[in-house]
$ cat target-v4.cif   # mmCIF, C-alpha atoms
data_protein
loop_
_atom_site.label_atom_id
_atom_site.label_comp_id
_atom_site.auth_asym_id
_atom_site.auth_seq_id
_atom_site.Cartn_x
_atom_site.Cartn_y
_atom_site.Cartn_z
CA MET A 791 26.69 168.31 39.02
CA GLU A 792 28.97 171.26 39.76
CA VAL A 793 29.38 172.65 43.26
CA GLU A 794 30.42 176.32 43.44
CA ILE A 795 32.30 177.47 46.54
CA VAL A 796 30.86 180.79 47.73
CA SER A 797 33.03 181.47 50.77
CA ARG A 798 35.62 180.02 53.14
CA GLU A 799 36.27 181.18 56.69
CA CYS A 800 36.95 180.02 60.26
CA VAL A 801 34.10 179.96 62.75
CA LYS A 802 35.43 180.59 66.23
CA PRO A 803 33.78 179.43 69.47
CA SER A 804 31.42 181.99 71.00
CA SER A 805 33.41 181.94 74.26
CA PRO A 806 37.16 181.43 74.74
CA THR A 807 38.49 178.11 76.00
CA PRO A 808 39.95 178.29 79.53
CA HIS A 809 43.73 178.12 79.61
CA HIS A 810 43.83 174.85 81.57
CA LEU A 811 41.90 173.14 78.73
CA ARG A 812 44.17 174.29 75.91
CA THR A 813 45.66 170.83 75.35
CA HIS A 814 43.37 167.86 74.85
CA LYS A 815 44.95 164.43 75.25
CA ILE A 816 43.45 161.49 73.41
CA SER A 817 42.79 158.22 75.24
CA LEU A 818 44.25 154.73 74.90
CA LEU A 819 41.18 153.65 72.92
CA ASP A 820 41.61 156.65 70.62
CA GLN A 821 45.10 155.38 69.80
CA TYR A 822 43.50 152.27 68.29
CA VAL A 823 41.73 154.16 65.47
CA PRO A 824 43.42 155.79 62.45
CA ASN A 825 44.49 159.43 62.68
CA THR A 826 42.13 160.45 59.89
CA TYR A 827 38.93 162.43 59.49
CA GLY A 828 35.57 160.83 60.18
CA ALA A 829 32.59 162.23 58.33
CA LEU A 830 28.86 162.74 58.41
CA LEU A 831 26.69 164.12 55.62
CA LEU A 832 23.03 165.05 56.01
CA PHE A 833 20.60 166.20 53.30
CA TYR A 834 17.74 168.47 54.45
CA PRO A 835 14.53 169.71 52.80
CA PRO A 836 14.13 173.46 52.09
CA ASN A 837 13.61 175.80 55.02
CA HIS A 838 10.36 177.58 54.19
CA GLN A 839 10.38 179.58 57.46
CA LEU A 840 13.63 181.41 56.82
CA SER A 841 15.45 182.90 53.84
CA VAL A 842 18.62 181.27 52.58
CA LEU A 843 20.68 184.08 54.08
CA LYS A 844 19.02 183.73 57.49
CA THR A 845 19.36 179.93 57.38
CA LEU A 846 23.10 180.26 56.81
CA GLN A 847 23.38 182.81 59.63
CA VAL A 848 21.59 180.46 62.04
CA LEU A 849 23.85 177.54 61.13
CA LYS A 850 27.03 179.59 61.55
CA GLN A 851 26.01 181.19 64.85
CA SER A 852 24.83 177.90 66.37
CA LEU A 853 28.06 176.19 65.27
CA SER A 854 30.02 178.91 67.10
CA GLU A 855 28.02 178.24 70.27
CA THR A 856 28.46 174.48 69.92
CA LEU A 857 32.23 174.85 69.54
CA THR A 858 32.34 176.44 72.99
CA LEU A 859 31.20 173.07 74.36
CA TYR A 860 33.30 170.98 71.93
CA TYR A 861 36.36 173.21 72.23
CA PRO A 862 38.89 170.69 70.75
CA LEU A 863 37.00 171.03 67.45
CA ALA A 864 37.93 174.70 67.32
CA GLY A 865 41.63 173.83 67.51
CA LYS A 866 44.38 172.30 65.42
CA GLY A 867 46.12 168.96 65.26
CA LYS A 868 49.17 168.97 67.52
CA GLY A 869 50.52 165.45 67.01
CA ASN A 870 49.36 161.88 67.20
CA LEU A 871 48.41 162.09 70.88
CA SER A 872 46.95 165.56 71.48
CA ILE A 873 45.02 168.50 70.07
CA ASP A 874 45.89 172.17 70.47
CA CYS A 875 42.63 173.81 71.62
CA ASN A 876 43.65 177.27 70.43
CA ASP A 877 40.19 178.62 69.42
CA GLU A 878 41.31 179.35 65.86
CA GLY A 879 37.98 177.92 64.82
CA ALA A 880 36.38 175.35 62.58
CA TYR A 881 37.07 175.56 58.85
CA TYR A 882 33.70 176.56 57.36
CA VAL A 883 32.70 176.50 53.69
CA GLU A 884 29.51 177.75 52.07
CA ALA A 885 28.69 176.40 48.60
CA ARG A 886 25.81 176.15 46.16
CA VAL A 887 24.57 174.02 43.30
CA THR A 888 22.16 174.99 40.57
CA CYS A 889 20.12 171.78 40.67
CA HIS A 890 17.27 170.94 43.01
CA LEU A 891 17.83 168.55 45.90
CA SER A 892 15.13 166.24 44.56
CA ASP A 893 17.03 165.95 41.27
CA TYR A 894 20.11 164.70 43.09
CA LEU A 895 18.25 162.40 45.46
CA LYS A 896 16.21 160.75 42.71
CA GLN A 897 19.29 158.66 41.97
CA PRO A 898 22.29 159.87 43.94
CA ASP A 899 25.68 159.68 42.27
CA ILE A 900 27.78 158.22 45.09
CA SER A 901 30.99 158.93 43.17
CA ALA A 902 30.14 162.66 43.24
CA ILE A 903 29.41 162.77 46.95
CA LEU A 904 32.86 164.13 47.78
CA LYS A 905 31.77 167.41 46.17
CA PHE A 906 29.69 168.05 49.27
CA MET A 907 32.75 167.61 51.54
CA PRO A 908 35.08 170.45 52.57
CA GLU A 909 37.97 170.48 50.12
CA GLU A 910 36.56 167.18 48.77
CA ILE A 911 38.51 165.19 51.35
CA LEU A 912 37.58 162.09 53.30
CA ASP A 913 39.69 159.77 55.45
CA ASP A 914 42.68 162.09 55.01
CA LYS A 915 45.33 162.19 57.76
CA ILE A 916 45.24 164.86 60.45
CA THR A 917 48.63 166.54 60.21
CA PRO A 918 50.03 168.96 62.81
CA GLY A 919 48.36 172.31 62.26
CA ALA A 920 45.36 170.84 60.45
CA HIS A 921 41.83 171.88 61.40
CA THR A 922 40.06 169.50 63.76
CA CYS A 923 36.63 170.38 62.41
CA MET A 924 35.71 171.13 58.82
CA VAL A 925 32.17 171.95 57.73
CA GLN A 926 30.58 172.53 54.33
CA VAL A 927 27.04 173.83 53.94
CA THR A 928 25.80 173.42 50.36
CA MET A 929 22.58 175.15 49.28
CA PHE A 930 20.51 173.70 46.44
CA ALA A 931 18.51 175.86 44.05
CA CYS A 932 15.27 174.82 45.78
CA GLY A 933 16.55 175.80 49.21
CA GLY A 934 17.48 172.28 50.22
CA VAL A 935 20.67 171.93 52.24
CA ALA A 936 23.54 169.45 52.50
CA ILE A 937 25.54 169.71 55.72
CA ALA A 938 28.89 167.88 55.81
CA ILE A 939 31.02 167.57 58.94
CA LEU A 940 34.60 166.26 59.14
CA THR A 941 36.18 165.63 62.55
CA PRO A 942 39.22 163.62 63.70
CA HIS A 943 38.44 159.95 64.22
CA ILE A 944 40.89 160.00 67.14
CA LEU A 945 38.56 162.47 68.86
CA LEU A 946 35.05 161.35 67.86
CA ASP A 947 33.77 157.89 66.96
CA GLY A 948 30.45 157.51 65.14
CA THR A 949 28.40 157.85 68.32
CA ALA A 950 30.26 160.96 69.53
CA LEU A 951 30.12 162.61 66.08
CA ASN A 952 26.38 161.97 65.94
CA VAL A 953 25.89 163.54 69.40
CA PHE A 954 27.94 166.58 68.31
CA VAL A 955 25.71 167.11 65.27
CA LYS A 956 22.51 166.74 67.31
CA THR A 957 23.87 169.22 69.87
CA TRP A 958 24.59 171.69 67.07
CA ALA A 959 21.04 171.18 65.77
CA ARG A 960 19.56 171.86 69.20
CA MET A 961 21.65 175.03 69.45
CA ALA A 962 20.21 176.15 66.11
CA ILE A 963 16.65 176.01 67.45
CA GLY A 964 17.56 177.58 70.80
CA GLY A 965 17.81 174.26 72.60
CA GLY A 966 18.81 175.78 75.93
CA GLY A 967 19.04 172.94 78.41
CA ALA A 968 17.81 170.33 75.92
CA TYR A 969 21.33 168.99 75.47
CA GLN A 970 23.94 167.50 77.76
CA SER A 971 27.48 168.85 77.85
CA PRO A 972 30.16 166.56 76.39
CA ASP A 973 32.29 164.47 78.73
CA PHE A 974 36.03 164.69 77.98
CA SER A 975 37.24 162.30 80.70
CA ALA A 976 38.16 159.39 78.39
CA SER A 977 41.90 160.04 78.62
CA VAL A 978 41.69 159.88 82.42
CA ILE A 979 39.72 156.62 82.40
CA PHE A 980 41.82 155.07 79.61
CA PRO A 981 45.26 156.70 79.89
CA GLN A 982 47.17 156.97 76.62
CA ASN A 983 50.41 155.03 76.26
CA ASN A 984 53.30 155.72 73.87
CA ALA A 985 54.04 152.00 73.75
CA PHE A 986 50.81 151.16 71.86
CA PRO A 987 52.00 148.77 69.09
CA GLN A 988 51.06 149.93 65.62
CA ASP A 989 50.36 146.40 64.38
CA LEU A 990 47.44 146.18 66.82
CA THR A 991 45.79 149.44 65.74
CA SER A 992 42.84 149.25 63.37
CA GLN A 993 45.11 150.22 60.46
CA GLY A 994 47.66 147.59 61.47
CA LEU A 995 45.03 144.86 61.66
CA LEU A 996 43.42 145.91 58.38
CA SER A 997 46.81 145.99 56.64
CA GLU A 998 46.89 142.21 57.02
CA LEU A 999 43.75 141.97 54.91
CA VAL A 1000 44.36 142.06 51.19
CA ARG A 1001 41.55 142.55 48.70
CA LYS A 1002 42.18 140.54 45.57
CA GLY A 1003 39.50 141.97 43.31
CA LYS A 1004 37.96 145.30 42.35
CA PRO A 1005 35.35 146.42 44.92
CA THR A 1006 31.80 147.42 44.02
CA LEU A 1007 29.36 149.32 46.22
CA ARG A 1008 25.59 148.71 46.35
CA ARG A 1009 22.74 149.61 48.71
CA PHE A 1010 19.97 147.19 49.62
CA VAL A 1011 17.04 148.55 51.61
CA PHE A 1012 14.86 146.39 53.86
CA ASP A 1013 11.56 147.86 55.01
CA GLY A 1014 10.07 147.37 58.44
CA GLN A 1015 7.52 144.75 57.37
CA VAL A 1016 10.17 142.49 55.88
CA ILE A 1017 12.33 142.84 58.97
CA SER A 1018 9.35 141.96 61.19
CA LYS A 1019 8.94 138.74 59.22
CA PHE A 1020 12.64 137.95 59.73
CA LYS A 1021 12.23 138.49 63.47
CA THR A 1022 9.15 136.28 63.62
CA GLN A 1023 11.03 133.55 61.77
CA ALA A 1024 13.98 133.88 64.16
CA THR A 1025 11.67 133.59 67.16
CA SER A 1026 10.12 130.42 65.72
CA TYR A 1027 13.63 128.95 65.54
CA GLY A 1028 14.18 129.58 69.25
CA ILE A 1029 16.04 132.91 69.10
CA GLN A 1030 14.85 135.06 72.00
CA ASN A 1031 14.22 138.76 71.35
CA PRO A 1032 15.92 138.95 67.94
CA THR A 1033 16.93 142.46 66.89
CA ARG A 1034 16.65 144.18 63.52
CA VAL A 1035 20.42 144.24 63.15
CA GLU A 1036 20.79 140.55 64.01
CA VAL A 1037 18.23 139.23 61.53
CA VAL A 1038 19.25 141.50 58.65
CA SER A 1039 22.94 140.70 59.24
CA ALA A 1040 22.19 136.96 59.29
CA PHE A 1041 20.15 137.17 56.09
CA LEU A 1042 22.82 139.17 54.27
CA TYR A 1043 25.53 136.80 55.45
CA ASN A 1044 23.54 133.88 54.03
CA ARG A 1045 23.13 135.55 50.63
CA VAL A 1046 26.74 136.80 50.43
CA MET A 1047 28.09 133.34 51.20
CA SER A 1048 25.76 131.90 48.56
CA ALA A 1049 27.10 134.41 46.03
CA LEU A 1050 30.69 133.59 46.97
CA ARG A 1051 30.07 129.87 46.42
CA LYS A 1052 28.49 130.49 43.02
CA GLU A 1053 31.19 132.88 41.89
CA LYS A 1054 34.03 130.61 42.98
CA SER A 1055 32.30 127.34 42.04
CA GLY A 1056 33.76 125.80 45.15
CA ALA A 1057 32.78 123.89 48.22
CA LEU A 1058 31.30 125.55 51.25
CA LYS A 1059 34.03 127.63 52.88
CA SER A 1060 34.16 128.89 56.43
CA ALA A 1061 34.16 132.61 57.16
CA ILE A 1062 35.44 134.90 59.85
CA VAL A 1063 32.89 137.56 60.72
CA ALA A 1064 34.23 140.70 62.40
CA ASN A 1065 32.19 143.38 64.12
CA SER A 1066 33.09 146.65 65.83
CA VAL A 1067 31.60 146.99 69.31
CA ASN A 1068 30.45 150.15 71.09
CA LEU A 1069 31.93 149.77 74.58
CA ARG A 1070 29.69 152.48 76.04
CA ARG A 1071 26.84 150.01 76.22
CA ARG A 1072 28.98 147.07 77.36
CA ALA A 1073 30.53 148.84 80.35
CA SER A 1074 29.12 148.45 83.87
CA PRO A 1075 27.77 150.98 84.56
CA PRO A 1076 27.43 152.10 80.93
CA PHE A 1077 29.23 155.19 79.69
CA ALA A 1078 27.00 158.01 78.46
CA GLU A 1079 26.69 158.72 74.74
CA THR A 1080 28.01 162.21 75.52
CA CYS A 1081 31.43 160.72 76.32
CA VAL A 1082 33.79 162.10 73.68
CA GLY A 1083 36.30 159.74 72.14
CA ASN A 1084 36.44 156.24 70.74
CA PHE A 1085 34.78 153.67 72.96
CA LEU A 1086 35.40 150.86 70.49
CA SER A 1087 36.67 147.33 70.38
CA LEU A 1088 36.65 144.53 67.83
CA MET A 1089 35.19 141.06 68.10
CA GLY A 1090 35.13 138.16 65.66
CA PHE A 1091 33.78 134.66 65.28
CA ILE A 1092 34.15 131.85 62.77
CA LEU A 1093 31.28 130.15 60.97
CA LYS A 1094 31.86 126.82 59.26
CA GLY A 1095 30.90 126.39 55.64
CA GLU A 1096 27.56 124.77 56.41
CA GLU A 1097 26.68 127.32 59.10
CA THR A 1098 24.92 129.88 56.92
CA ASP A 1099 21.53 129.71 58.65
CA LEU A 1100 20.02 132.45 60.80
CA VAL A 1101 20.27 130.50 64.07
CA SER A 1102 23.98 129.71 63.72
CA PHE A 1103 24.83 133.32 62.85
CA VAL A 1104 22.86 134.92 65.68
CA ARG A 1105 23.97 132.44 68.33
CA LYS A 1106 27.66 132.72 67.45
CA LYS A 1107 27.47 136.49 67.29
CA ARG A 1108 25.80 136.65 70.70
CA GLU A 1109 28.38 134.26 72.14
CA ALA A 1110 31.23 136.45 70.85
CA LEU A 1111 29.55 139.63 72.13
CA SER A 1112 28.97 138.12 75.57
CA ARG A 1113 32.73 138.13 76.10
CA VAL A 1114 32.78 141.92 75.66
CA ASP A 1115 31.38 142.71 79.10
CA GLY A 1116 31.84 145.15 81.94
CA ASP A 1117 34.85 143.28 83.30
CA LEU A 1118 36.64 143.44 79.96
CA VAL A 1119 35.95 147.16 79.59
CA LYS A 1120 37.20 147.76 83.13
CA SER A 1121 40.40 145.87 82.32
CA PHE A 1122 41.21 148.48 79.65
CA GLN A 1123 41.28 151.20 82.31
CA GLY A 1124 44.20 152.39 84.40
CA ASP A 1125 47.85 151.41 84.24
CA GLN A 1126 47.19 147.89 82.93
CA GLY A 1127 44.91 149.14 80.16
CA LEU A 1128 47.44 148.87 77.33
CA ARG A 1129 48.47 145.32 78.20
CA ASN A 1130 44.87 144.10 78.46
CA TYR A 1131 43.67 145.95 75.36
CA CYS A 1132 46.55 144.59 73.28
CA GLU A 1133 45.88 141.10 74.60
CA ASP A 1134 42.28 141.38 73.46
CA MET A 1135 43.26 142.72 70.02
CA GLY A 1136 45.90 140.00 69.78
CA LYS A 1137 43.25 137.33 70.23
CA PHE A 1138 41.34 138.76 67.30
CA ARG A 1139 44.47 138.85 65.14
CA GLU A 1140 45.23 135.19 65.98
CA LEU A 1141 41.65 134.21 65.16
CA ASN A 1142 41.81 136.09 61.88
CA SER A 1143 45.23 134.70 60.91
CA LYS A 1144 44.11 131.13 61.51
CA ALA A 1145 40.94 131.66 59.50
CA VAL A 1146 42.84 133.20 56.59
CA SER A 1147 45.40 130.37 56.55
CA ASP A 1148 42.49 127.93 56.33
CA GLY A 1149 41.10 129.78 53.30
CA ALA A 1150 38.18 131.38 55.15
CA GLU A 1151 36.28 134.33 53.73
CA GLN A 1152 36.52 137.63 55.64
CA ILE A 1153 33.40 139.70 56.16
CA PHE A 1154 33.23 142.81 58.31
CA PHE A 1155 29.89 144.04 59.69
CA ASN A 1156 29.32 147.47 61.21
CA SER A 1157 26.08 149.04 62.38
CA TRP A 1158 25.09 152.64 62.98
CA CYS A 1159 21.48 151.65 63.61
CA ASN A 1160 19.60 152.99 66.64
CA MET A 1161 21.90 156.01 66.91
CA GLY A 1162 19.18 158.53 66.05
CA MET A 1163 21.01 160.06 63.11
CA TYR A 1164 17.71 161.26 61.66
CA ASP A 1165 16.92 163.21 64.84
CA ALA A 1166 19.21 166.16 64.03
CA ASP A 1167 16.61 168.86 63.29
CA TYR A 1168 18.01 172.38 62.82
CA GLY A 1169 14.52 173.87 62.84
CA TRP A 1170 13.07 172.96 59.46
CA GLY A 1171 12.69 169.20 59.59
CA LYS A 1172 14.68 166.04 59.94
CA PRO A 1173 17.19 164.87 57.30
CA LEU A 1174 15.89 163.30 54.12
CA TRP A 1175 18.96 161.12 53.85
CA VAL A 1176 22.11 160.28 55.82
CA PRO A 1177 24.43 158.18 53.61
CA PHE A 1178 27.36 156.17 54.94
CA LEU A 1179 30.33 158.13 53.67
CA PRO A 1180 33.28 155.82 54.46
CA MET A 1181 31.87 153.36 51.93
CA VAL A 1182 32.81 155.85 49.20
CA ARG A 1183 36.41 154.66 49.64
CA PRO A 1184 37.37 150.96 49.17
CA PHE A 1185 38.00 148.76 52.20
CA PRO A 1186 40.50 145.88 52.07
CA VAL A 1187 37.79 143.38 53.05
CA SER A 1188 34.16 142.55 52.24
CA TRP A 1189 32.18 145.11 54.22
CA ILE A 1190 28.52 145.35 55.22
CA GLN A 1191 27.36 148.58 56.84
CA LEU A 1192 23.86 148.88 58.32
CA MET A 1193 22.12 152.24 58.68
CA ASP A 1194 18.64 153.28 59.77
CA THR A 1195 16.26 154.49 57.12
CA ARG A 1196 14.47 157.79 57.61
CA ARG A 1197 11.72 155.90 59.33
CA GLY A 1198 13.66 153.87 61.83
CA SER A 1199 11.96 150.50 61.38
CA GLY A 1200 13.81 149.87 58.12
CA ILE A 1201 17.49 149.24 57.44
CA GLU A 1202 19.66 150.52 54.60
CA ALA A 1203 22.50 148.06 53.99
CA TRP A 1204 25.63 149.25 52.19
CA LEU A 1205 27.65 146.36 50.78
CA MET A 1206 31.17 146.57 49.38
CA LEU A 1207 32.16 143.30 47.71
CA ASP A 1208 34.43 142.19 44.91
CA GLU A 1209 32.86 142.91 41.53
CA PRO A 1210 32.15 139.29 40.45
CA VAL A 1211 30.55 138.47 43.80
CA MET A 1212 28.39 141.59 43.68
CA SER A 1213 27.32 140.71 40.14
CA VAL A 1214 25.93 137.42 41.45
CA LEU A 1215 24.29 139.13 44.43
CA GLU A 1216 22.57 141.72 42.25
CA HIS A 1217 20.60 138.90 40.60
CA ASP A 1218 19.91 136.92 43.76
CA LYS A 1219 16.16 136.30 43.64
CA LEU A 1220 15.87 135.54 47.34
CA LEU A 1221 17.65 138.76 48.28
CA LEU A 1222 15.70 140.93 45.85
CA SER A 1223 12.39 139.47 46.95
CA ALA A 1224 13.20 140.45 50.54
CA ALA A 1225 14.92 143.79 49.97
CA ALA A 1226 12.62 146.70 49.17
CA SER A 1227 14.91 147.76 46.33
CA LEU A 1228 18.45 147.92 45.04
CA ASP A 1229 20.08 151.37 45.14
CA PRO A 1230 16.73 153.15 45.54
CA SER A 1231 16.12 156.88 45.67
CA PRO A 1232 16.26 158.08 49.28
CA LEU A 1233 13.03 159.96 48.55
CA GLN A 1234 11.27 156.60 48.14
CA ILE A 1235 12.53 155.03 51.38
CA GLY A 1236 9.94 155.01 54.11
CA SER A 1237 8.79 158.59 53.65
CA PRO A 1238 5.89 160.38 51.99
CA LYS A 1239 6.39 161.85 48.55
CA SER A 1240 8.51 164.96 48.71
CA SER A 1241 7.56 168.34 47.24
CA LEU A 1242 11.15 169.51 46.90
#
$ encode --input "target-v4.cif" --output "structure tokens"
Amino acid sequence: MEVEIVSRECVKPSSPTPHHLRTHKISLLDQYVPNTYGALLLFYPPNHQLSVLKTLQVLKQSLSETLTLYYPLAGKGKGNLSIDCNDEGAYYVEARVTCHLSDYLKQPDISAILKFMPEEILDDKITPGAHTCMVQVTMFACGGVAIAILTPHILLDGTALNVFVKTWARMAIGGGGAYQSPDFSASVIFPQNNAFPQDLTSQGLLSELVRKGKPTLRRFVFDGQVISKFKTQATSYGIQNPTRVEVVSAFLYNRVMSALRKEKSGALKSAIVANSVNLRRRASPPFAETCVGNFLSLMGFILKGEETDLVSFVRKKREALSRVDGDLVKSFQGDQGLRNYCEDMGKFRELNSKAVSDGAEQIFFNSWCNMGMYDADYGWGKPLWVPFLPMVRPFPVSWIQLMDTRRGSGIEAWLMLDEPVMSVLEHDKLLLSAAASLDPSPLQIGSPKSSL
């Protein structure tokens, strides 16, 4: 599949940024994440109401209006701690492919997905003078559209990036007051600090994790009926109000640990399970989803070799999450924020170091479920597919990413494991009997047959 670039330009905000907002400072919590681009890619059906030319005009004009609200995304990188909001505009690329969208989505080539990204970059560093927003709109021969957005991770976490895209979509359909303005107060609530130690940033912590084998990526999709059965089973075991994410995570953990035991022909080993936490929902009172920045922390817990059952997983996860409460979030604020945040990250590092020295497996879970990523409708329907792009690049640890399916009752699980372990998992009868399919076409996941 060849992608032809048609044009490149900068889309400026529709109104100039006030002078007193020309420098945007990142927050203490933003300092934790890597200074790289985060990404979102959405595939849309053809727009039968508008021509291709008019569709592109609507997207460009609505982006310009959205950049007036999200003015740091119309600027340039200024350094590790700030953004120059100079209104130079978002880097904007229009491209086309000769194939139909349905042809690509029948069996997506994940290795080719970077072709839909501006300049084919992902996770690249934001250098001084670099654009803080890069967009590529790719038109398929049938009129289908792929919209890719790159923004600095130090400015937008997954939640904030998702809200930006939905705001842009509402602008495209003349949303008026249907959106809430972004809140840029994070750096006031969590003041940045030059003394933030690099070994306690996400990159510093991940640098201590060393992958020994070659990673392999696979997608396993669980439909809503299967997940309902998992939840019923969890309830019968005494778990109150089990969630989709909890039961699918517990099931996958059980099967991954089984594959690890078979591949290594060894005794039951313990594992450290890590999970990123959205602090917006843990704060008291909660922060709004419109808060721009990274409201993230990291929690972990250890499961002994024999603790691979659903009850043990859910209970230990809940116990670990219970410690991430409003008091902890409040402790990250103000002058003592750095000390308290580093103390919390230090506890995770100590837990991880002890587990590794004991020969424990390391498994990282992350969930973007319940974020409404399929709600971004630019006027001609919701996305057909929203893949998890960071999984295109290898992580230094076994990684399980959970995403909603197009119909939100299902879950699409992206697993990155060492090749021999994945080979065992691909033939796991218990997993395959529960999962709807392995690496299925997005057109077959919880949606009626497409006429693309």
$ closest_residue --input "target-v4.cif" --among "A:Val1104, A:Ala1040, A:Ala864, A:Val842" --to "A:Asp877" --atoms "all atoms listed in the file"
A:Ala864
$ resolve_selection --input "target-v4.cif" --expression "the PyMOL selection byres ((chain A and resi 1041-1046) around 7)" --output "PyMOL selection string"
chain A and resi 1037-1040+1047-1050+1098-1100+1215+1221
$ closest_residue --input "target-v4.cif" --among "A:Leu1111, A:Leu1118, A:Met907, A:Ile1062" --to "A:Ile1092" --atoms "only C-alpha atoms"
A:Ile1062
$ resolve_selection --input "target-v4.cif" --expression "the PyMOL selection byres ((chain A and resi 1232) around 8)" --output "ChimeraX atom specification"
/A:895-897,1174-1175,1230-1231,1233-1235
$ atom_distance --input "target-v4.cif" --atom1 "atom CA of A:Ala885" --atom2 "atom CA of A:Gln926"
7.2 Å
$ residues_around --input "target-v4.cif" --residues "A:Ser805" --least-positions-apart "5" --cutoff "9 Å" --atoms "all atoms listed in the file" --output "VMD selection string"
chain A and resid 854 to 855 857 to 858 877
$ atom_distance --input "target-v4.cif" --atom1 "atom CA of A:Lys1052" --atom2 "atom CA of A:Asp1218"
10.7 Å
$ closest_residue --input "target-v4.cif" --among "A:Met1163, A:Glu1096, A:Val883, A:Glu1216" --to "A:Glu799" --atoms "all atoms listed in the file"
A:Val883
$ residues_around --input "target-v4.cif" --residues "stretch 1141-1149 of chain A" --least-positions-apart "4" --cutoff "12 Å" --atoms "all atoms listed in the file" --output "list in words"
Leu995, Leu996, Glu998, Leu999, Val1000, Gly1056, Ala1057, Leu1058, Lys1059, Ser1060, Ala1061, Ile1062, Val1063, Ala1064, Leu1088, Met1089, Gly1090, Phe1091, Ile1092, Leu1093, Lys1094, Gly1095, Asp1134, Met1135, Gly1136, Lys1137, Ile1153, Phe1154 and Val1187 of chain A
$ residues_near_point --input "target-v4.cif" --point "(29.5, 171.3, 46.5)" --cutoff "9 Å" --atoms "only C-alpha atoms" --output "CSV table (one decimal) with C-alpha atoms, keeping the file's coordinate frame"
chain,number,residue,atom,x,y,z
A,791,MET,CA,26.7,168.3,39.0
A,792,GLU,CA,29.0,171.3,39.8
A,793,VAL,CA,29.4,172.6,43.3
A,794,GLU,CA,30.4,176.3,43.4
A,795,ILE,CA,32.3,177.5,46.5
A,884,GLU,CA,29.5,177.8,52.1
A,885,ALA,CA,28.7,176.4,48.6
A,886,ARG,CA,25.8,176.2,46.2
A,887,VAL,CA,24.6,174.0,43.3
A,903,ILE,CA,29.4,162.8,47.0
A,904,LEU,CA,32.9,164.1,47.8
A,905,LYS,CA,31.8,167.4,46.2
A,906,PHE,CA,29.7,168.0,49.3
A,907,MET,CA,32.8,167.6,51.5
A,908,PRO,CA,35.1,170.4,52.6
A,910,GLU,CA,36.6,167.2,48.8
A,926,GLN,CA,30.6,172.5,54.3
A,927,VAL,CA,27.0,173.8,53.9
A,928,THR,CA,25.8,173.4,50.4
A,929,MET,CA,22.6,175.2,49.3
A,936,ALA,CA,23.5,169.4,52.5
$ closest_atom_pairs --input "target-v4.cif" --of "stretch 1158-1219 of chain A" --to "stretch 950-969 of chain A" --cutoff "10 Å" --atoms "all atoms listed in the file" --output "CSV"
residue,atom,partner,partner_atom,distance
A:Trp1158,CA,A:Asn952,CA,9.9
A:Met1161,CA,A:Asn952,CA,7.5
A:Gly1162,CA,A:Asn952,CA,8.0
A:Met1163,CA,A:Asn952,CA,6.4
A:Tyr1164,CA,A:Lys956,CA,9.2
A:Asp1165,CA,A:Lys956,CA,7.1
A:Ala1166,CA,A:Lys956,CA,4.7
A:Asp1167,CA,A:Ala959,CA,5.6
A:Tyr1168,CA,A:Ala959,CA,4.4
A:Gly1169,CA,A:Ile963,CA,5.5
A:Trp1170,CA,A:Ile963,CA,9.3
$ closest_residue --input "target-v4.cif" --among "A:Asp899, A:Asp989, A:Asp1229, A:Asp1208" --to "A:Gly1003" --atoms "only C-alpha atoms"
A:Asp1208
$ residues_around --input "target-v4.cif" --residues "A:Ser872" --least-positions-apart "3" --cutoff "7 Å" --atoms "only C-alpha atoms" --output "PDB file with C-alpha atoms, in the frame of the given file"
ATOM      1  CA  THR A 813      45.660 170.830  75.350  1.00  0.00           C
ATOM      2  CA  HIS A 814      43.370 167.860  74.850  1.00  0.00           C
ATOM      3  CA  LYS A 815      44.950 164.430  75.250  1.00  0.00           C
ATOM      4  CA  ILE A 816      43.450 161.490  73.410  1.00  0.00           C
ATOM      5  CA  LYS A 868      49.170 168.970  67.520  1.00  0.00           C
ATOM      6  CA  GLY A 869      50.520 165.450  67.010  1.00  0.00           C
TER       7      GLY A 869
END
$ residues_around --input "target-v4.cif" --residues "A:Gln993" --least-positions-apart "6" --cutoff "9 Å" --atoms "only C-alpha atoms" --output "number ranges by chain"
A: 822-824
$ atom_distance --input "target-v4.cif" --atom1 "atom CA of A:Leu990" --atom2 "atom CA of A:Asp1125"
18.2 Å
$ residues_near_point --input "target-v4.cif" --point "(47.2, 148.3, 73.9)" --cutoff "8 Å" --atoms "all atoms listed in the file" --output "ChimeraX atom specification"
/A:818,822,983,985-987,990,1127-1133,1135
$ closest_residue --input "target-v4.cif" --among "A:Pro981, A:Gly1028, A:Gly933, A:Gly1171" --to "A:Lys844" --atoms "all atoms listed in the file"
A:Gly933
$ residues_around --input "target-v4.cif" --residues "A:His943" --least-positions-apart "3" --cutoff "6 Å" --atoms "all atoms listed in the file" --output "PDB file with C-alpha atoms, in the coordinates of the input"
ATOM      1  CA  THR A 826      42.130 160.450  59.890  1.00  0.00           C
ATOM      2  CA  TYR A 827      38.930 162.430  59.490  1.00  0.00           C
ATOM      3  CA  GLY A 828      35.570 160.830  60.180  1.00  0.00           C
ATOM      4  CA  LEU A 946      35.050 161.350  67.860  1.00  0.00           C
ATOM      5  CA  ASP A 947      33.770 157.890  66.960  1.00  0.00           C
TER       6      ASP A 947
END
